[in-house]
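To be precise, the following lines are my_file-v1.cif, and they hold mmCIF, C-alpha atoms.
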```cif
data_structure
loop_
_atom_site.label_atom_id
_atom_site.label_comp_id
_atom_site.auth_asym_id
_atom_site.auth_seq_id
_atom_site.Cartn_x
_atom_site.Cartn_y
_atom_site.Cartn_z
CA MET A 1 0.00 0.00 0.00
CA THR A 2 1.39 3.39 -0.95
CA SER A 3 1.60 6.23 1.50
CA HIS A 4 -0.93 8.15 -0.62
CA SER A 5 -3.58 5.43 -0.43
CA ALA A 6 -2.92 4.91 3.28
CA THR A 7 -3.43 8.64 3.87
CA THR A 8 -6.64 8.57 1.85
CA ASP A 9 -7.90 5.57 3.82
CA ILE A 10 -7.18 7.32 7.13
CA ALA A 11 -9.03 10.44 5.96
CA ALA A 12 -12.08 8.37 4.98
CA ALA A 13 -11.96 6.54 8.30
CA VAL A 14 -11.82 9.83 10.22
CA GLU A 15 -14.92 11.05 8.38
CA THR A 16 -16.64 7.76 9.24
CA LEU A 17 -15.81 8.22 12.91
CA ARG A 18 -17.01 11.82 12.76
CA ALA A 19 -20.34 10.56 11.42
CA GLY A 20 -20.74 8.32 14.47
CA ARG A 21 -19.91 5.09 12.64
CA LEU A 22 -17.43 2.28 13.32
CA VAL A 23 -13.89 1.72 12.02
CA ALA A 24 -11.68 -1.35 12.56
CA TYR A 25 -7.96 -0.59 12.60
CA PRO A 26 -4.62 -2.28 13.34
CA THR A 27 -2.84 -1.58 16.62
CA ASP A 28 0.41 -2.72 18.19
CA THR A 29 -1.31 -5.87 19.50
CA LEU A 30 -4.44 -6.71 17.44
CA TYR A 31 -7.20 -5.09 15.39
CA GLY A 32 -9.31 -2.64 17.36
CA LEU A 33 -12.87 -1.38 16.92
CA GLY A 34 -12.99 2.39 16.91
CA ALA A 35 -15.74 4.90 17.52
CA ASP A 36 -15.78 8.50 18.69
CA ALA A 37 -15.39 7.90 22.42
CA LEU A 38 -17.33 11.07 23.32
CA ASN A 39 -20.32 10.25 21.09
CA GLU A 40 -22.78 8.18 23.12
CA ALA A 41 -24.66 6.81 20.11
CA ALA A 42 -21.38 5.73 18.48
CA VAL A 43 -20.29 3.99 21.68
CA GLU A 44 -23.62 2.16 21.76
CA ARG A 45 -22.87 0.86 18.26
CA VAL A 46 -19.61 -0.65 19.54
CA PHE A 47 -21.50 -2.65 22.16
CA GLU A 48 -24.11 -3.73 19.60
CA ALA A 49 -21.50 -4.81 17.03
CA LYS A 50 -19.58 -6.85 19.60
CA GLY A 51 -22.58 -8.21 21.46
CA ARG A 52 -20.75 -6.88 24.51
CA PRO A 53 -22.54 -6.67 27.89
CA GLN A 54 -23.01 -3.03 28.88
CA GLY A 55 -21.50 -3.70 32.31
CA MET A 56 -18.06 -4.09 30.70
CA PRO A 57 -16.12 -0.80 30.32
CA LEU A 58 -14.23 0.14 27.15
CA PRO A 59 -10.59 1.26 27.04
CA LEU A 60 -9.84 4.46 25.12
CA LEU A 61 -6.96 5.38 22.81
CA ILE A 62 -5.59 8.90 22.36
CA SER A 63 -3.37 10.62 19.81
CA ASP A 64 -1.15 12.42 22.32
CA ALA A 65 -0.95 13.18 26.04
CA GLU A 66 -2.89 16.41 25.52
CA GLN A 67 -6.05 14.42 24.78
CA LEU A 68 -5.97 13.05 28.33
CA SER A 69 -7.77 16.20 29.51
CA MET A 70 -10.76 15.28 27.32
CA VAL A 71 -11.43 12.05 29.20
CA ALA A 72 -9.81 12.45 32.64
CA ALA A 73 -11.26 14.66 35.36
CA SER A 74 -7.75 15.03 36.78
CA VAL A 75 -4.29 13.75 35.91
CA PRO A 76 -2.10 12.88 38.93
CA ASP A 77 1.61 13.69 38.83
CA ALA A 78 2.36 9.95 38.74
CA ALA A 79 0.36 9.63 35.52
CA LEU A 80 2.34 12.43 33.88
CA VAL A 81 5.63 10.79 34.84
CA LEU A 82 4.49 7.42 33.48
CA ALA A 83 3.12 8.93 30.28
CA GLU A 84 6.46 10.61 29.67
CA ALA A 85 8.31 7.34 30.29
CA PHE A 86 6.12 4.81 28.46
CA TRP A 87 3.92 6.55 25.89
CA PRO A 88 3.48 5.74 23.13
CA GLY A 89 3.61 2.15 24.26
CA GLY A 90 2.22 -0.71 26.28
CA LEU A 91 0.92 1.03 29.41
CA THR A 92 -2.76 1.72 30.06
CA LEU A 93 -3.48 4.27 32.79
CA VAL A 94 -6.71 4.20 34.80
CA LEU A 95 -7.77 7.72 35.76
CA PRO A 96 -10.78 9.55 37.22
CA VAL A 97 -13.23 9.96 34.35
CA SER A 98 -14.35 13.30 32.94
CA ASP A 99 -18.05 14.21 32.71
CA ALA A 100 -17.55 14.45 28.91
CA VAL A 101 -17.22 10.66 28.62
CA PRO A 102 -20.51 8.79 28.09
CA PRO A 103 -21.34 6.61 31.14
CA LEU A 104 -21.54 3.57 28.86
CA VAL A 105 -17.75 3.77 28.29
CA THR A 106 -17.02 3.23 31.98
CA ALA A 107 -19.98 0.95 32.80
CA ARG A 108 -21.23 3.93 34.82
CA GLY A 109 -18.12 3.85 36.97
CA TRP A 110 -15.88 6.77 37.93
CA LYS A 111 -12.67 5.57 36.28
CA VAL A 112 -11.54 5.39 32.66
CA ALA A 113 -8.71 3.35 31.08
CA VAL A 114 -6.57 5.31 28.58
CA ARG A 115 -3.56 4.47 26.40
CA LEU A 116 -1.40 6.20 23.80
CA PRO A 117 -0.66 3.25 21.49
CA ASP A 118 2.63 2.49 19.79
CA HIS A 119 1.04 2.27 16.35
CA PRO A 120 0.55 5.18 13.94
CA VAL A 121 -2.93 4.23 12.69
CA PRO A 122 -5.00 4.63 15.89
CA ARG A 123 -2.98 7.74 16.76
CA SER A 124 -3.76 9.20 13.33
CA LEU A 125 -7.46 8.40 13.74
CA ALA A 126 -7.68 10.09 17.13
CA GLU A 127 -5.64 13.03 15.87
CA GLY A 128 -7.78 13.50 12.77
CA LEU A 129 -10.99 13.18 14.77
CA GLY A 130 -9.66 15.52 17.43
CA ARG A 131 -11.04 13.20 20.12
CA PRO A 132 -10.16 9.86 21.71
CA ILE A 133 -11.45 6.64 20.12
CA THR A 134 -12.55 3.34 21.62
CA GLY A 135 -9.81 0.73 21.87
CA THR A 136 -11.64 -2.55 22.31
CA SER A 137 -10.78 -5.57 20.15
CA ALA A 138 -12.64 -5.90 16.82
CA ASN A 139 -14.42 -9.16 17.59
CA ARG A 140 -17.66 -10.54 18.88
CA SER A 141 -17.50 -10.55 22.66
CA GLY A 142 -15.74 -13.75 23.73
CA GLY A 143 -14.67 -14.57 20.17
CA PRO A 144 -11.12 -14.76 18.78
CA GLU A 145 -9.24 -11.46 18.82
CA PRO A 146 -8.37 -10.73 15.18
CA ARG A 147 -4.90 -9.71 14.05
CA THR A 148 -5.86 -9.32 10.37
CA ALA A 149 -8.50 -7.38 8.44
CA ALA A 150 -9.93 -10.69 7.17
CA GLY A 151 -10.35 -11.83 10.77
CA VAL A 152 -12.28 -8.65 11.55
CA ARG A 153 -14.64 -9.18 8.62
CA GLU A 154 -15.19 -12.78 9.67
CA GLU A 155 -16.02 -11.72 13.23
CA LEU A 156 -18.05 -8.55 12.68
CA GLY A 157 -19.14 -8.56 9.02
CA GLU A 158 -21.31 -5.62 8.02
CA ALA A 159 -21.39 -4.19 11.55
CA VAL A 160 -18.16 -2.30 10.77
CA ASP A 161 -18.33 0.57 8.28
CA ILE A 162 -14.62 0.62 7.35
CA VAL A 163 -11.87 -1.94 7.94
CA LEU A 164 -8.41 -0.39 7.53
CA ASP A 165 -6.48 -3.27 6.00
CA MET A 166 -2.83 -2.44 6.62
CA GLY A 167 -1.49 -5.92 7.06
CA PRO A 168 -1.37 -8.11 10.16
CA SER A 169 -0.95 -6.47 13.56
CA PRO A 170 2.46 -7.13 15.13
CA ALA A 171 0.88 -9.32 17.84
CA GLY A 172 2.72 -7.58 20.63
CA ARG A 173 2.01 -8.21 24.30
CA SER A 174 -1.12 -6.78 25.88
CA SER A 175 -0.61 -3.55 27.77
CA THR A 176 0.05 -3.34 31.46
CA VAL A 177 -2.93 -1.71 33.19
CA LEU A 178 -2.11 0.60 36.10
CA ASP A 179 -4.65 2.35 38.32
CA VAL A 180 -3.30 5.79 39.28
CA THR A 181 -6.43 6.98 41.10
CA THR A 182 -5.03 5.94 44.49
CA GLU A 183 -2.06 7.36 46.40
CA GLN A 184 -0.03 4.25 45.59
CA PRO A 185 -0.59 3.16 41.97
CA ARG A 186 -1.92 -0.40 41.59
CA ILE A 187 -1.24 -2.94 38.85
CA LEU A 188 -4.52 -4.37 37.54
CA ARG A 189 -2.94 -6.42 34.73
CA LEU A 190 0.70 -7.11 34.01
CA GLY A 191 1.70 -6.98 30.35
CA ALA A 192 4.22 -5.21 28.12
CA VAL A 193 5.63 -2.90 30.83
CA SER A 194 7.09 -4.63 33.89
CA GLN A 195 6.54 -3.75 37.53
CA GLU A 196 10.26 -2.97 37.82
CA GLU A 197 10.11 -0.49 34.93
CA ILE A 198 7.14 1.30 36.47
CA GLU A 199 8.76 1.49 39.89
CA ARG A 200 12.00 2.76 38.37
CA ALA A 201 10.13 5.53 36.54
CA LEU A 202 8.17 6.54 39.65
CA GLY A 203 11.01 6.08 42.12
CA ALA A 204 8.51 4.34 44.40
CA PRO A 205 6.88 0.92 44.83
CA VAL A 206 3.52 0.07 43.28
CA ALA A 207 0.85 -2.24 44.67
CA TRP A 208 -1.10 -5.08 43.10
CA GLU A 209 -4.86 -5.34 42.81
CA ALA A 210 -5.92 -8.42 44.75
CA SER A 211 -7.25 -10.11 41.60
CA ALA A 212 -4.35 -9.10 39.32
#
```
So that I can check it, write out the structure of this file as structure tokens.
Amino acid sequence: MTSHSATTDIAAAVETLRAGRLVAYPTDTLYGLGADALNEAAVERVFEAKGRPQGMPLPLLISDAEQLSMVAASVPDAALVLAEAFWPGGLTLVLPVSDAVPPLVTARGWKVAVRLPDHPVPRSLAEGLGRPITGTSANRSGGPEPRTAAGVREELGEAVDIVLDMGPSPAGRSSTVLDVTTEQPRILRLGAVSQEEIERALGAPVAWEASA
């Protein structure tokens, strides 16, 4: 695929997102299902396409650290340090959610999971849209997580308006999920970024969620 056609595809996908529709895109781990994360009707379409229970929150992807203020009510100093150290990359930060985020995104909770991915396509989508996008996997809930555009079409069919076919995803490790809403950050899921790397960046120990 030439850079021109890739740019054209991204532009069309951004317009699709702006219209409240769904786009499947490659990430650093698998193919994701994107919608405008601040558009409640678009978020509802994500749940419908996946057959996902509404009690399950959705992670969000951003284009740069500045977009954090769109979805987080506050950003603790620890989050800024970690963003500087590990973004773009495999660390998801859990933050207090902003009122601008539809309650469906967080399963009506008060926290939101946010990541700046290490892949240019989702960053370009969020940048072009000017808002964060949903970062859930492009599959039926409980089904195989696709790493190719063909896998997305097999899983979701006509429920997705555009599938950005840019080759297989690199199949990297899932992100580490870190809750920074408490005084001592807590690991909810260990993945691409190790506990030691996080503690080195913070200069302080982190805790583990009991179920992690």
Give me the residues near A:Val206 as a PyMOL selection string, where near means some atom within 10 Å (using all atoms listed in the file) and where sequence neighbours in that chain fewer than 6 positions away do not count. chain A and resi 178-180+183-187+195-196+198-199
Quick one: pull the distance between atom CA of A:Asp36 and atom CA of A:Val114, Å, one decimal. 13.9 Å
Taking the file above as input, evaluate the PyMOL selection byres ((chain A and resi 10) around 8) and report the hits as a PyMOL selection string. chain A and resi 6-9+11-14+121+124-125+164
For the selection you just gave me, I'd like the residues written to a file as a compact mmCIF listing (two decimals), in the frame of the given file, keeping C-alpha atoms.
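Generated file (selection.txt):
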```
# COMPACT_ATOMS: atom_id res chain seq x y z
CA ALA A 6 -2.92 4.91 3.28
CA THR A 7 -3.43 8.64 3.87
CA THR A 8 -6.64 8.57 1.85
CA ASP A 9 -7.90 5.57 3.82
CA ALA A 11 -9.03 10.44 5.96
CA ALA A 12 -12.08 8.37 4.98
CA ALA A 13 -11.96 6.54 8.30
CA VAL A 14 -11.82 9.83 10.22
CA VAL A 121 -2.93 4.23 12.69
CA SER A 124 -3.76 9.20 13.33
CA LEU A 125 -7.46 8.40 13.74
CA LEU A 164 -8.41 -0.39 7.53
```
Do you know which residues the PyMOL selection byres ((chain A and resi 188) around 10) returns on this file, as a VMD selection string? chain A and resid 92 to 94 176 to 179 185 to 187 189 to 191 207 to 212
Please evaluate the PyMOL selection byres ((chain A and resi 34) around 8) against the structure above and give the resulting residues as a CSV table (one decimal) with C-alpha atoms, in the coordinates of the input.
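Saved file out.csv follows:
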```csv
chain,number,residue,atom,x,y,z
A,17,LEU,CA,-15.8,8.2,12.9
A,22,LEU,CA,-17.4,2.3,13.3
A,23,VAL,CA,-13.9,1.7,12.0
A,24,ALA,CA,-11.7,-1.4,12.6
A,25,TYR,CA,-8.0,-0.6,12.6
A,32,GLY,CA,-9.3,-2.6,17.4
A,33,LEU,CA,-12.9,-1.4,16.9
A,35,ALA,CA,-15.7,4.9,17.5
A,36,ASP,CA,-15.8,8.5,18.7
A,46,VAL,CA,-19.6,-0.6,19.5
A,133,ILE,CA,-11.4,6.6,20.1
A,134,THR,CA,-12.6,3.3,21.6
A,135,GLY,CA,-9.8,0.7,21.9
A,136,THR,CA,-11.6,-2.6,22.3
```
For atom CA of A:Ile62 and atom CA of A:Leu116, the interatomic separation in Å (one decimal): 5.2 Å
Determine, counting all atoms listed in the file, which protein, DNA and RNA residues have an atom within 12 Å of an atom of stretch 70-72 of chain A; residues of the same chain fewer than 6 positions away are not included. Present the result as a count of residues only. 37
What is the distance between atom CA of A:Ser169 and atom CA of A:Arg147, in Å to one decimal? 5.1 Å
Point out the residue among A:Ala107, A:Ile162, A:Gly172, A:Ala78 with the least atom-to-atom distance to A:Ala204, counting all atoms listed in the file. A:Ala78
